[in-house]
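Chemist: Take a look at this one; I'll ask things after.
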Amino acid sequence: MSMAATGQDFGERELADVTEAGPPPKRVVVGYGFWIFLLSDIVMFSALFAAYAVLAKATAGGPTGAQLFDQQNVALETAFLLLSSYSCGLMSMAINSRSYFGAYLGAAVTFLLGAAFLFLELREFHSMIAIGAAPQRSAFLSAFFTLVGCHGLHVTIGLIWLALMMAQLAMRGFRPVVERRLLCFALFWHALDIIWVTIFTVVYLMGVLR
Amino acid sequence: MTEAHLGPPREWSESSATEHAGSSALLVYTIGLLVAAVLTGTSFWVANTSALWALGVPAGLVVLAIAQMGVHLVFFLHITTGPESTNNVLALAFGMVIVFLVLGGSLVIMANLNGNMAGHGELMNLPM
């Protein structure tokens with residue numbers, strides 16, 4: 001670090017490439033590592049998507065997607081998740097400027113919107129199972145519940161994680177380690193929204209095309 | 001941004017995507033939200049309207065979804081072309097290759113099997 005600084009002082013800055021600037025700060029390294037994890041998660045989802053795409057028409061005489069999916073419900077779920085992604089971004093901004101009030105407010109809004117999304121999804125699952133469209137009914141429904149349920153599980157884990165992070169923030173304050181974990185949470189939450197974009201397009205919208 | 005958090009090397013901190021001034025960060029998130037909302041609304045309209053050529057609708061939906069994923073990556077996840085996210089972009093490219101192989105490979109192979117098995121029942125429409 002001191003060598004790089006000295007180099008700059010002597011006007012040799014054009015020589016200082018990334019390696020001469022010293023190792024990247026831990027925040028960058030942690031973000032990169034978590035990004036790798038998120039990509040592996042996305043690869044896992046791609047396998048579930050492939051299974052769903054192959055089995056989407058294998059209804060075995062049971063109900064089809066066009067009969068089961070309620071577009072209004074999906075639009076509401078999409079709006080909740082998109083807005084929670086936005087409020088998560090505002091929370092990251094508040095964390096960067098060390099504002100406890102902003103961080104708690106952003107986290108609370110994110111949590112409530114995520115919980116509302118989860119409530120709508122569970123209500124949809126419940127109403128489907130109630131009319132006999134359970135995972136064991138057909139290959140299509142198995143693939144549907146696996147794919148959408150896996151995303152819902154991720155949202156549930158995200159909500160638990162967010163609650164734990166708020167407890168850590170309350171107890172330990174804006175320490176670097178807490179901030180890095182919050183950064184990872186924000187990446188996780190935004191990535192979930194990306195996966196939901198694919199789900200509502202492939203499953204819900206393409207599923208009801210005539 | 002306080003001194004303690006900036007970390008030693010100026011090169012890293014100055015160009016970091018998460019450290020820009022508050023107002024411009026708000027602008028980035030807000031633009032992302034608005035564009036994503038417009039793309040989502042367009043997707044739902046495209047899927048429900050009868051004004052468009054029906055065979056082109058799935059392709060249109062795929063394009064809208066990919067566009068929205070790009071918007072999320074740039075405006076929410078801050079995957080940019082800046083020097084500090086070169087590694088992230090490379091990892092993303094590799095991940096996309098794997099995703100493409102898994103998805104495209106599965107669909108091509110299963111559709112091919114389906115075509116060759118005509119008359120013997122359809123693998124993509126398996127009865128349970």
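Just so we're on the same page: first chain in the structure tokens is A, next is B, and so on; residues restart at 1 for each chain, and ligands are numbered from 1 in the order they show up.
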As a VMD selection string, please: all residues of range 60-134 of chain A that backbone DSSP puts in helix (DSSP H, G or I).
Modeler: chain A and resid 65 to 68 71 to 96 100 to 130
Chemist: Given only C-alpha atoms, how would the per-residue table for range 16-105 of chain A near range 38-59 of chain B read, listing every residue at most 9 Å away with its closest atom pair and distance in Å to one decimal, sorted by chain and number, as CSV?
Modeler:
```
residue,atom,partner,partner_atom,distance
A:Gln71,CA,B:Phe44,CA,8.5
A:Ala75,CA,B:Phe44,CA,7.9
A:Thr78,CA,B:Thr40,CA,8.2
A:Ala79,CA,B:Thr40,CA,8.8
```
Chemist: Which value, in Å to one decimal, gives the distance between CA of Phe69 in chain A and CA of Tyr204 in chain A?
Modeler: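 CA of Tyr204 in chain A lies 6.5 Å from CA of Phe69 in chain A.
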Chemist: Would you please work out which residue, of B:Leu27, B:Ile79, B:Val74, B:Val99, is nearest to chain A when using only C-alpha atoms?
Modeler: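 With only C-alpha atoms as the atom set, the closest residue is B:Val99.
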Chemist: Please identify every residue of chain A that has at least one atom no farther than 6 Å from an atom of chain B, counting only C-alpha atoms, and for each give the shortest atom pair and the distance in Å to one decimal, arranged by chain then increasing number, as CSV.
Modeler:
```
residue,atom,partner,partner_atom,distance
A:Ala21,CA,B:Pro9,CA,5.7
A:Leu39,CA,B:Gly95,CA,5.9
A:Val43,CA,B:Val99,CA,5.6
A:Ser46,CA,B:Val99,CA,5.7
A:Ala50,CA,B:Leu103,CA,5.0
A:Val54,CA,B:Met124,CA,5.7
A:Leu55,CA,B:Met124,CA,5.7
A:Lys57,CA,B:Asn125,CA,5.6
A:Ala58,CA,B:Asn125,CA,3.9
A:Ala60,CA,B:Pro127,CA,4.5
A:Ile194,CA,B:Met69,CA,5.7
A:Leu205,CA,B:Ala47,CA,5.9
```
Chemist: Mind pulling up the distance from CA of Leu162 in chain A to CA of Gly31 in chain A?
Modeler: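 Pair CA of Gly31 in chain A / CA of Leu162 in chain A returns 17.1 Å.
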Chemist: Name the residues in contact with Ser84 in chain A at a cut-off of 7 Å, using only C-alpha atoms, excluding same-chain residues fewer than 4 positions from it; report them as an NGL selection string.
Modeler: :A and (80 or 88 or 109-110 or 113-114)
Chemist: So that I can check the surroundings of range 139-144 of chain A, please list as a ChimeraX atom specification every protein, DNA and RNA residue that reaches within 12 Å of it, counting only C-alpha atoms and ignoring chain neighbours fewer than 3 positions away.
Modeler: /A:45,47-65,68-69,125,128-129,132-136,147-152,199-200,202-204,207 /B:123-128
Chemist: Figure out the distance between CA of Thr201 in chain A and CA of Ser92 in chain A, please, to one decimal in Å.
Modeler: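 Taking CA of Ser92 in chain A and CA of Thr201 in chain A, their separation equals 27.9 Å.
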